[in-house]
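**Q** Have a peek at data-v4.cif (mmCIF, C-alpha atoms and all ligand atoms).
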```cif
data_final
loop_
_atom_site.label_atom_id
_atom_site.label_comp_id
_atom_site.auth_asym_id
_atom_site.auth_seq_id
_atom_site.Cartn_x
_atom_site.Cartn_y
_atom_site.Cartn_z
CA MET A 24 48.10 74.64 103.02
CA VAL A 25 47.26 76.03 99.61
CA GLU A 26 50.10 75.69 97.09
CA VAL A 27 50.29 78.59 94.66
CA ASN A 28 52.23 78.12 91.45
CA THR A 29 54.00 81.48 91.58
CA ASP A 30 55.99 80.72 88.40
CA GLY A 31 52.76 80.11 86.50
CA PHE A 32 51.33 83.30 88.01
CA LEU A 33 54.33 85.36 86.83
CA LYS A 34 54.18 83.69 83.41
CA ASP A 35 50.54 84.77 83.02
CA LEU A 36 51.38 88.31 84.09
CA TYR A 37 54.24 88.55 81.57
CA GLU A 38 52.00 87.09 78.86
CA LEU A 39 49.35 89.72 79.50
CA ARG A 40 52.05 92.40 79.41
CA LYS A 41 52.60 91.56 75.73
CA ILE A 42 49.08 92.71 74.84
CA GLY A 43 49.13 96.44 74.01
CA THR A 44 52.78 96.83 74.98
CA PHE A 45 54.07 100.39 75.33
CA LYS A 46 57.80 100.51 76.15
CA THR A 47 58.01 98.47 79.40
CA GLY A 48 54.36 99.12 80.20
CA VAL A 49 51.07 98.76 78.35
CA SER A 50 48.49 101.00 76.72
CA ARG A 51 45.09 99.35 76.87
CA PRO A 52 42.37 102.02 77.16
CA THR A 53 38.90 100.60 77.73
CA PHE A 54 37.35 98.97 74.62
CA SER A 55 40.44 99.64 72.48
CA PRO A 56 41.53 96.68 70.30
CA ALA A 57 44.32 95.88 72.82
CA ASP A 58 41.88 95.99 75.72
CA MET A 59 39.47 93.67 73.94
CA GLU A 60 42.31 91.30 73.11
CA SER A 61 43.24 91.19 76.81
CA ARG A 62 39.63 90.44 77.77
CA ARG A 63 39.48 87.57 75.28
CA TRP A 64 42.85 86.34 76.58
CA LEU A 65 41.39 86.33 80.08
CA VAL A 66 38.30 84.35 79.05
CA GLU A 67 40.55 81.70 77.47
CA LYS A 68 42.73 81.52 80.60
CA MET A 69 39.63 81.11 82.74
CA LYS A 70 38.32 78.28 80.58
CA ALA A 71 41.72 76.55 80.61
CA ILE A 72 41.63 76.29 84.41
CA GLY A 73 38.03 75.15 84.57
CA LEU A 74 36.28 78.42 85.29
CA GLU A 75 33.11 79.24 83.42
CA GLY A 76 34.33 82.47 81.84
CA ALA A 77 32.48 85.05 79.78
CA ILE A 78 32.46 88.71 78.86
CA ASP A 79 29.25 90.70 79.32
CA GLY A 80 27.56 93.71 77.74
CA MET A 81 29.54 96.18 79.85
CA GLY A 82 32.88 94.48 79.11
CA ASN A 83 33.11 92.84 82.53
CA VAL A 84 34.80 89.44 82.45
CA LEU A 85 33.57 87.02 85.10
CA GLY A 86 34.91 83.49 85.57
CA LYS A 87 32.89 81.26 87.86
CA THR A 88 34.24 78.32 89.80
CA GLN A 89 32.48 74.95 89.55
CA GLN A 90 33.09 74.33 93.26
CA ASN A 91 30.29 74.31 95.79
CA GLY A 92 30.33 76.00 99.14
CA PRO A 93 31.48 79.48 100.12
CA VAL A 94 33.13 81.37 97.28
CA ALA A 95 35.40 84.41 97.36
CA LEU A 96 35.37 86.93 94.54
CA VAL A 97 38.88 87.93 93.47
CA GLY A 98 39.76 90.48 90.84
CA SER A 99 40.49 94.01 89.68
CA HIS A 100 40.56 95.70 86.26
CA ILE A 101 42.42 94.72 83.09
CA GLU A 102 42.36 97.95 81.05
CA SER A 103 45.08 100.52 81.71
CA GLN A 104 45.58 104.23 81.56
CA ILE A 105 47.09 105.47 78.26
CA GLU A 106 50.80 104.54 77.97
CA ALA A 107 50.74 103.29 81.54
CA GLY A 108 52.01 100.44 83.69
CA TRP A 109 51.65 96.69 83.26
CA LEU A 110 50.57 95.87 86.82
CA ASP A 111 47.86 98.36 87.75
CA GLY A 112 44.75 96.18 87.74
CA ALA A 113 46.27 93.29 85.80
CA LEU A 114 47.94 92.07 89.00
CA GLY A 115 44.66 91.55 90.85
CA VAL A 116 43.02 89.76 87.92
CA VAL A 117 45.94 87.41 87.27
CA ALA A 118 46.21 86.73 91.02
CA GLY A 119 42.61 85.54 90.86
CA LEU A 120 43.56 83.08 88.12
CA ALA A 121 46.45 81.80 90.28
CA LEU A 122 44.15 81.21 93.26
CA ALA A 123 41.61 79.38 91.09
CA ARG A 124 44.39 77.25 89.62
CA ALA A 125 45.55 76.42 93.16
CA GLY A 126 42.12 74.94 93.81
CA LEU A 127 40.58 77.68 95.92
CA ALA A 128 36.86 78.32 95.53
CA VAL A 129 37.14 81.69 93.86
CA ASP A 130 35.36 83.49 91.05
CA VAL A 131 37.64 85.80 89.09
CA CYS A 132 36.47 89.14 87.77
CA ALA A 133 37.90 91.97 85.63
CA PHE A 134 35.71 95.02 86.08
CA ALA A 135 35.51 97.25 83.00
CA ASP A 136 36.73 100.84 82.94
CA GLU A 137 38.03 101.28 86.46
CA GLU A 138 40.41 103.76 84.84
CA SER A 139 37.53 106.05 83.79
CA HIS A 140 38.16 106.31 80.08
CA PHE A 141 34.41 106.97 79.99
CA SER A 142 32.46 109.32 82.23
CA GLY A 143 30.44 108.08 85.17
CA GLY A 144 33.05 106.34 87.30
CA TYR A 145 33.53 102.63 88.07
CA LEU A 146 31.12 101.67 85.29
CA GLY A 147 32.04 97.96 85.31
CA SER A 148 31.90 97.29 89.03
CA ARG A 149 28.79 99.42 89.39
CA SER A 150 27.11 97.52 86.56
CA ILE A 151 27.90 94.14 88.07
CA ILE A 152 26.42 95.05 91.47
CA GLY A 153 23.30 96.48 89.81
CA ASP A 154 24.16 100.12 90.51
CA LEU A 155 24.37 101.44 86.94
CA THR A 156 21.27 102.52 85.02
CA GLU A 157 20.73 102.36 81.26
CA GLU A 158 20.29 106.16 81.33
CA GLU A 159 23.74 106.60 82.88
CA MET A 160 25.19 104.40 80.16
CA ASP A 161 23.38 106.49 77.51
CA ALA A 162 24.94 109.67 78.93
CA SER A 163 28.50 108.36 79.27
CA ARG A 164 31.15 109.61 76.81
CA ASN A 165 34.88 109.21 76.37
CA ARG A 166 37.31 111.78 77.77
CA ASP A 167 37.34 114.18 74.83
CA GLY A 168 33.64 113.74 74.21
CA THR A 169 34.12 112.31 70.71
CA LYS A 170 32.53 108.92 71.34
CA THR A 171 29.67 107.66 73.44
CA LEU A 172 30.00 104.63 75.67
CA ARG A 173 27.31 102.92 73.58
CA GLU A 174 29.31 103.48 70.38
CA ALA A 175 32.47 102.09 72.00
CA ILE A 176 30.59 99.04 73.28
CA ALA A 177 29.15 98.44 69.80
CA GLU A 178 32.58 98.79 68.15
CA ALA A 179 33.96 96.30 70.66
CA GLY A 180 31.28 93.84 69.53
CA LEU A 181 29.51 93.70 72.89
CA ALA A 182 26.26 95.55 72.13
CA HIS A 183 24.22 92.37 71.79
CA LEU A 184 25.30 90.95 75.15
CA PRO A 185 23.32 91.31 78.39
CA ARG A 186 24.92 92.92 81.43
CA VAL A 187 25.66 90.34 84.12
CA GLN A 188 24.90 90.97 87.78
CA LEU A 189 26.59 89.15 90.63
CA ASP A 190 24.57 86.60 92.58
CA LEU A 191 25.34 88.19 95.94
CA ASP A 192 24.35 85.13 97.97
CA ARG A 193 27.20 83.29 96.34
CA TYR A 194 30.04 85.33 97.88
CA LYS A 195 31.63 85.56 101.29
CA ALA A 196 33.89 88.48 100.40
CA PHE A 197 35.85 90.28 97.70
CA PHE A 198 39.67 90.33 97.65
CA GLU A 199 41.76 92.65 95.46
CA LEU A 200 45.54 92.45 95.18
CA HIS A 201 46.95 95.70 93.83
CA ILE A 202 50.18 97.64 93.54
CA GLU A 203 50.51 100.37 96.15
CA GLN A 204 50.95 103.25 93.64
CA GLY A 205 52.85 105.15 96.31
CA LYS A 206 56.13 104.99 98.23
CA GLN A 207 55.04 104.26 101.78
CA LEU A 208 55.96 100.55 101.71
CA GLU A 209 59.26 101.11 99.90
CA ASP A 210 60.28 103.96 102.22
CA ALA A 211 59.51 101.81 105.27
CA GLY A 212 61.39 98.82 103.79
CA LEU A 213 58.19 96.74 103.83
CA ARG A 214 56.87 94.24 101.29
CA ILE A 215 53.15 93.91 102.04
CA GLY A 216 50.41 96.39 102.91
CA VAL A 217 47.15 95.14 104.41
CA VAL A 218 44.61 97.78 103.48
CA SER A 219 42.42 99.06 106.31
CA GLY A 220 40.10 101.06 104.08
CA ILE A 221 39.81 103.12 100.94
CA VAL A 222 39.71 106.88 101.17
CA GLY A 223 36.72 109.00 100.29
CA ILE A 224 37.30 111.51 97.49
CA TYR A 225 35.60 114.92 97.36
CA SER A 226 35.99 116.68 94.01
CA TRP A 227 35.27 120.33 93.31
CA HIS A 228 35.03 122.82 90.47
CA ILE A 229 35.72 126.42 91.47
CA ILE A 230 34.72 129.12 88.99
CA ILE A 231 36.13 132.63 89.41
CA GLU A 232 34.50 135.27 87.27
CA GLY A 233 36.11 138.66 86.72
CA GLN A 234 36.20 140.91 83.69
CA GLN A 235 38.15 140.16 80.55
CA ASP A 236 39.83 143.40 79.53
CA HIS A 237 42.86 145.17 78.06
CA ALA A 238 46.01 144.60 80.13
CA GLY A 239 47.29 148.10 79.42
CA GLY A 240 44.17 150.20 79.05
CA THR A 241 42.50 149.02 82.23
CA THR A 242 43.90 150.62 85.39
CA MET A 243 44.82 148.52 88.40
CA VAL A 244 41.91 150.03 90.33
CA GLU A 245 39.38 149.28 87.61
CA ARG A 246 40.34 145.75 86.75
CA ARG A 247 38.69 142.57 87.97
CA ASP A 248 41.44 140.01 87.46
CA ALA A 249 40.15 136.47 87.93
CA GLY A 250 43.72 135.18 87.77
CA VAL A 251 44.89 137.01 90.88
CA ALA A 252 41.79 135.94 92.80
CA ALA A 253 42.44 132.32 91.79
CA VAL A 254 46.02 132.44 93.02
CA ARG A 255 44.85 133.86 96.37
CA ILE A 256 42.29 131.06 96.73
CA LEU A 257 44.91 128.41 95.95
CA SER A 258 47.32 130.00 98.40
CA ALA A 259 44.66 130.03 101.12
CA ILE A 260 43.94 126.32 100.49
CA ASP A 261 47.65 125.56 100.80
CA GLN A 262 47.80 127.44 104.11
CA GLU A 263 44.51 126.40 105.70
CA PHE A 264 44.11 122.71 104.76
CA PRO A 265 47.13 121.52 106.78
CA ARG A 266 45.49 122.98 109.89
CA VAL A 267 42.33 120.87 109.52
CA CYS A 268 43.33 117.76 107.57
CA GLY A 269 44.49 114.40 108.93
CA PRO A 270 48.03 112.95 108.82
CA LYS A 271 47.27 110.96 105.64
CA SER A 272 44.94 113.42 103.90
CA THR A 273 45.87 114.51 100.40
CA PHE A 274 44.69 117.53 98.45
CA THR A 275 45.41 118.28 94.80
CA THR A 276 44.76 121.14 92.41
CA CYS A 277 44.21 118.89 89.42
CA ASN A 278 43.73 121.59 86.81
CA VAL A 279 43.67 125.37 86.59
CA LYS A 280 42.39 126.97 83.38
CA TYR A 281 42.66 130.65 82.54
CA THR A 282 40.21 132.15 80.05
CA PRO A 283 41.04 133.45 77.51
CA GLY A 284 44.56 132.51 78.65
CA ALA A 285 46.45 134.76 76.25
CA PRO A 286 50.23 134.90 76.86
CA VAL A 287 50.15 138.74 76.82
CA GLY A 288 47.72 141.61 76.66
CA ILE A 289 44.49 140.32 78.16
CA ILE A 290 43.28 140.27 81.78
CA PRO A 291 41.77 136.82 82.41
CA GLY A 292 38.02 137.10 82.77
CA ARG A 293 37.52 133.65 84.15
CA VAL A 294 39.48 130.93 85.90
CA ASP A 295 38.31 127.36 86.40
CA ILE A 296 39.98 125.32 89.13
CA TRP A 297 39.44 121.61 89.59
CA LEU A 298 40.38 120.45 93.05
CA GLU A 299 40.06 117.23 95.01
CA PHE A 300 40.87 116.01 98.51
CA ARG A 301 40.94 112.55 100.08
CA ASP A 302 40.85 110.96 103.51
CA GLN A 303 39.62 107.81 105.20
CA SER A 304 37.64 109.77 107.80
CA VAL A 305 34.30 111.39 107.01
CA GLU A 306 34.92 113.89 109.84
CA VAL A 307 38.22 115.01 108.31
CA LEU A 308 36.57 115.33 104.88
CA ALA A 309 33.82 117.44 106.43
CA ARG A 310 36.39 119.74 108.08
CA MET A 311 38.21 120.20 104.77
CA GLU A 312 34.92 120.96 103.01
CA ALA A 313 33.99 123.57 105.63
CA THR A 314 37.42 125.18 105.24
CA LEU A 315 37.08 125.28 101.47
CA ARG A 316 33.63 126.87 101.72
CA ALA A 317 35.03 129.49 104.13
CA ILE A 318 37.90 130.29 101.74
CA ILE A 319 35.46 130.84 98.87
CA GLN A 320 33.25 133.00 101.08
CA GLU A 321 36.25 135.07 102.17
CA SER A 322 37.30 135.50 98.53
CA ASN A 323 33.87 136.86 97.67
CA ARG A 324 34.06 139.28 100.60
CA ARG A 325 37.49 140.65 99.63
CA GLU A 326 37.71 140.47 95.86
CA LYS A 327 35.97 142.28 93.04
CA THR A 328 35.56 138.89 91.34
CA LYS A 329 32.89 136.31 92.03
CA ALA A 330 33.90 132.81 93.09
CA SER A 331 31.48 129.90 93.09
CA LEU A 332 32.02 126.38 94.34
CA ILE A 333 30.47 123.31 92.74
CA CYS A 334 30.86 119.84 94.21
CA THR A 335 31.41 117.52 91.23
CA SER A 336 31.50 114.26 93.17
CA LYS A 337 31.72 112.88 96.68
CA SER A 338 32.63 109.29 97.33
CA THR A 339 32.45 108.09 100.90
CA PRO A 340 35.33 106.17 102.45
CA VAL A 341 34.99 102.39 102.68
CA LEU A 342 36.41 100.41 105.58
CA CYS A 343 37.73 96.94 104.85
CA ASP A 344 36.01 94.06 106.59
CA GLN A 345 37.55 93.14 109.94
CA HIS A 346 37.58 89.37 109.32
CA THR A 347 39.19 89.64 105.89
CA VAL A 348 41.75 92.07 107.31
CA GLU A 349 42.57 89.58 110.10
CA ALA A 350 43.01 86.77 107.57
CA LEU A 351 45.36 88.96 105.52
CA GLU A 352 47.29 90.03 108.64
CA THR A 353 47.81 86.41 109.70
CA ALA A 354 48.92 85.42 106.21
CA ALA A 355 51.22 88.44 105.92
CA GLU A 356 52.90 87.60 109.23
CA LYS A 357 53.33 83.98 108.11
CA PHE A 358 55.04 84.79 104.80
CA ALA A 359 56.57 88.21 105.49
CA SER A 360 57.10 88.31 109.24
CA GLY A 361 57.77 91.87 110.37
CA SER A 362 57.77 93.16 106.79
CA TRP A 363 54.19 94.32 106.47
CA GLN A 364 51.90 97.04 107.77
CA VAL A 365 48.26 98.05 107.87
CA MET A 366 47.56 101.15 105.76
CA PRO A 367 44.75 103.00 104.01
CA SER A 368 44.45 103.10 100.23
CA GLY A 369 44.79 106.65 98.92
CA ALA A 370 43.58 105.59 95.48
CA GLY A 371 40.03 104.60 94.59
CA HIS A 372 39.49 101.00 93.50
CA ASP A 373 36.69 98.68 92.42
CA ALA A 374 36.80 97.26 95.98
CA LYS A 375 35.18 100.48 97.07
CA VAL A 376 32.15 99.79 94.88
CA LEU A 377 32.01 96.12 95.88
CA GLY A 378 32.06 97.30 99.51
CA LYS A 379 28.45 98.40 99.06
CA VAL A 380 27.27 94.80 98.73
CA MET A 381 29.81 92.50 100.40
CA PRO A 382 32.80 92.50 102.78
CA VAL A 383 35.88 93.73 100.91
CA SER A 384 39.60 93.72 101.47
CA MET A 385 42.72 94.76 99.62
CA LEU A 386 46.36 93.81 99.72
CA PHE A 387 49.21 95.98 98.45
CA VAL A 388 52.66 95.10 97.13
CA PRO A 389 55.28 97.87 96.79
CA SER A 390 55.58 100.01 93.68
CA ILE A 391 59.24 100.61 92.81
CA GLY A 392 59.86 104.32 93.33
CA GLY A 393 56.14 104.72 93.99
CA VAL A 394 55.54 105.13 90.24
CA SER A 395 52.16 104.29 88.71
CA HIS A 396 50.00 105.50 85.80
CA HIS A 397 53.28 105.64 83.88
CA TRP A 398 54.94 103.00 81.70
CA THR A 399 57.91 102.64 84.10
CA GLU A 400 55.59 101.32 86.83
CA ASN A 401 57.09 98.13 88.28
CA THR A 402 57.29 95.72 91.22
CA SER A 403 59.93 93.04 91.76
CA ASP A 404 59.01 89.47 90.81
CA GLU A 405 59.74 88.44 94.41
CA ASP A 406 57.22 90.94 95.79
CA LEU A 407 54.62 89.96 93.18
CA ALA A 408 55.04 86.29 94.11
CA LEU A 409 54.89 87.10 97.82
CA GLY A 410 51.70 89.08 97.28
CA VAL A 411 49.87 86.23 95.58
CA GLN A 412 51.08 83.77 98.21
CA VAL A 413 49.79 85.95 101.07
CA LEU A 414 46.51 86.49 99.21
CA ALA A 415 46.00 82.76 98.63
CA ASP A 416 46.72 81.89 102.25
CA ALA A 417 44.35 84.60 103.49
CA VAL A 418 41.53 83.55 101.16
CA GLU A 419 41.87 79.91 102.21
CA ARG A 420 41.98 80.93 105.86
CA TYR A 421 38.94 83.16 105.44
CA LEU A 422 36.85 80.63 103.52
CA HIS A 423 37.66 77.78 105.91
CA GLY A 424 37.07 79.92 108.96
CA ALA A 425 33.81 81.07 107.45
CA SER A 426 32.57 77.55 106.69
CA ALA A 427 33.68 76.20 110.09
CA SER A 428 31.82 78.88 112.05
ZN ZN B 1 44.07 99.97 89.48
#
```
Could the structure of this file be written out as C-alpha cells, please?
**A**
Amino acid sequence: MVEVNTDGFLKDLYELRKIGTFKTGVSRPTFSPADMESRRWLVEKMKAIGLEGAIDGMGNVLGKTQQNGPVALVGSHIESQIEAGWLDGALGVVAGLALARAGLAVDVCAFADEESHFSGGYLGSRSIIGDLTEEEMDASRNRDGTKTLREAIAEAGLAHLPRVQLDLDRYKAFFELHIEQGKQLEDAGLRIGVVSGIVGIYSWHIIIEGQQDHAGGTTMVERRDAGVAAVRILSAIDQEFPRVCGPKSTFTTCNVKYTPGAPVGIIPGRVDIWLEFRDQSVEVLARMEATLRAIIQESNRREKTKASLICTSKSTPVLCDQHTVEALETAAEKFASGSWQVMPSGAGHDAKVLGKVMPVSMLFVPSIGGVSHHWTENTSDEDLALGVQVLADAVERYLHGASAS
C-alpha cells in the first residue's frame, strides 16, 4: 500500500499559502509577482523530490517523473482569483507533489490561468494539449483590457521559453484533487466526493435596445424602456427554467448593465444582460437554450424594445472515466467508509480540457460553509489529509490495474 506523508503534504500547502498572502487566503493573479514566485517555488519542490521540473512559455509548470511504465498526470492550477482562497487549485498541485514523494509514477502539473485573468479560457491546459493557437494568444488580454497576454508573459520573464506539449502516449489518466466550492458534502455530512463529470456551461449576452429619453417628458405610451423589458425577460427566465432544467442545473444572471444608468431622469435606452447556465446533460442544456430563445422571441413579440441573444461560449459537459471513477470509489470506501458520494462538478476545471485527450477524474473534499473564491475559503486539515490519501490509493490502484491488464 502506498504510504503518503500527509504531514509533509500539509506542510507544503501551508508553505505555499505564505506566497501572496491576503488575510487567511492568497492573492496570486496569473503572472503577478506572487504568482511567479509560487511557480518558481513549485519547480524547486519538484526538483527536490526528483521530478524533472520546468516552467514553459505559457507559465505551465510540469514536473516529470523519472520512473518508467504507466504514468498518471496529477495537478491543477496554482494562481488564484484576486483576494481569494488558499486551496482552490493549490490543493491539486501540492497533492501531486505528495503522490510523487510517496513513490507513485506521477507527473505533476500546474496549468496556467485556470482562473481566467486573461481572455480565452483555460489557456494553460489548452496550450499543453496543443489546443491553443498563437493567434489566440495574440488576441488575449487581461480583464480590464489594459494589458495583453503577451505583455504579461514578457514581464514575467517567460517570453523566450517554448510552450510545452504533453506527450500523450505517456499518460494513463489525469487526476485532479480539488475543493468542492459548494455545500453539498458538508450538508450531507460527507468528507469525499467522487466526481462523475464536469458540467457544460452555456454563456449568453442579451442586448435589449429601447429609446433613451426624458423620464418626465416622454409619456408612458411613447416610451421604449429597455429596463422594464429586461426585468420581464429575467422574470420569465426565473419562472420558465425550473420547468425544463434538471435537479442539479444552475442558472445565473451574472451581470445586468443599464445604459446610460442615470439614478434619475433618463429612460434607459439599452440593457445588457450576461447570463449563464450549467448542467451535466447536453439534453438539459438544449432544453434550457430552447426556453431562453422562446423567451427572447416572446419579448420581441410583446415589447416595443428589441431583444437579441448572442451565445458567448458553449462548453460541453465532460464525463469522468469509468475506470478512474471506480478506483476512486474503492479508495474512498477504504478510507472514508460510508462518508463519500458520487457527484457532478458544477464548476469548470482544467480536467475538462484534459478530458479531450485522456481519461480524467476528479476528487472533492468539503469546503467549509461552501465558501470559495473568497479569502475565508477553507477545509479542515483532516479532510485535506484524507483527500490526498484517497487520491494516492486510487492512483496506485489504477496504475497497477492498468499495467496488470
Ligand atoms: Zn480551481
**Q** Name the residues in contact with region 312-314 of chain A at a cut-off of 9 Å, using only C-alpha atoms, excluding same-chain residues fewer than 6 positions from it; report them as number ranges by chain.
**A** A: 225, 260, 263-264, 267, 300
**Q** Residues within 7 Å of ligand ZN 1 (chain B) (all atoms listed in the file), as a list in words?
**A**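 With all atoms listed in the file and a cut-off of 7 Å, ligand ZN 1 (chain B) is contacted by Ser99, His100, Asp111, Gly112, Glu137, His201 and His372 of chain A.
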**Q** Skip region 161-165 of chain A itself and residues of its chain fewer than 4 positions away, then list as JSON, numbers by chain all residues within 9 Å of it, counting only C-alpha atoms.
**A** {"A": [139, 140, 141, 142, 143, 156, 157, 169, 170, 171, 172, 173, 175]}
**Q** Show me, as number ranges by chain, the residues that have an atom within 7 Å of Leu181 (chain A) when counting only C-alpha atoms, minus same-chain residues fewer than 4 positions from it.
**A** A: 80, 176-177
**Q** Between CA of His397 (chain A) and CA of Trp109 (chain A), what is the distance in Å, rounded to a tenth?
**A** 9.1 Å
**Q** Can you tell me which residues surround Ala355 (chain A) at a distance of at most 6 Å, considering only C-alpha atoms, apart from same-chain residues fewer than 4 positions away, and format the answer as a PDB file with C-alpha atoms, in the coordinates of the input?
**A**
```pdb
ATOM      1  CA  LEU A 351      45.360  88.960 105.520  1.00  0.00           C
ATOM      2  CA  ALA A 359      56.570  88.210 105.490  1.00  0.00           C
ATOM      3  CA  VAL A 413      49.790  85.950 101.070  1.00  0.00           C
TER       4      VAL A 413
END
```
**Q** By how many Å are CA of Ala252 (chain A) and CA of Lys337 (chain A) apart?
**A**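 Going from CA of Ala252 (chain A) over to CA of Lys337 (chain A), I get 25.5 Å.
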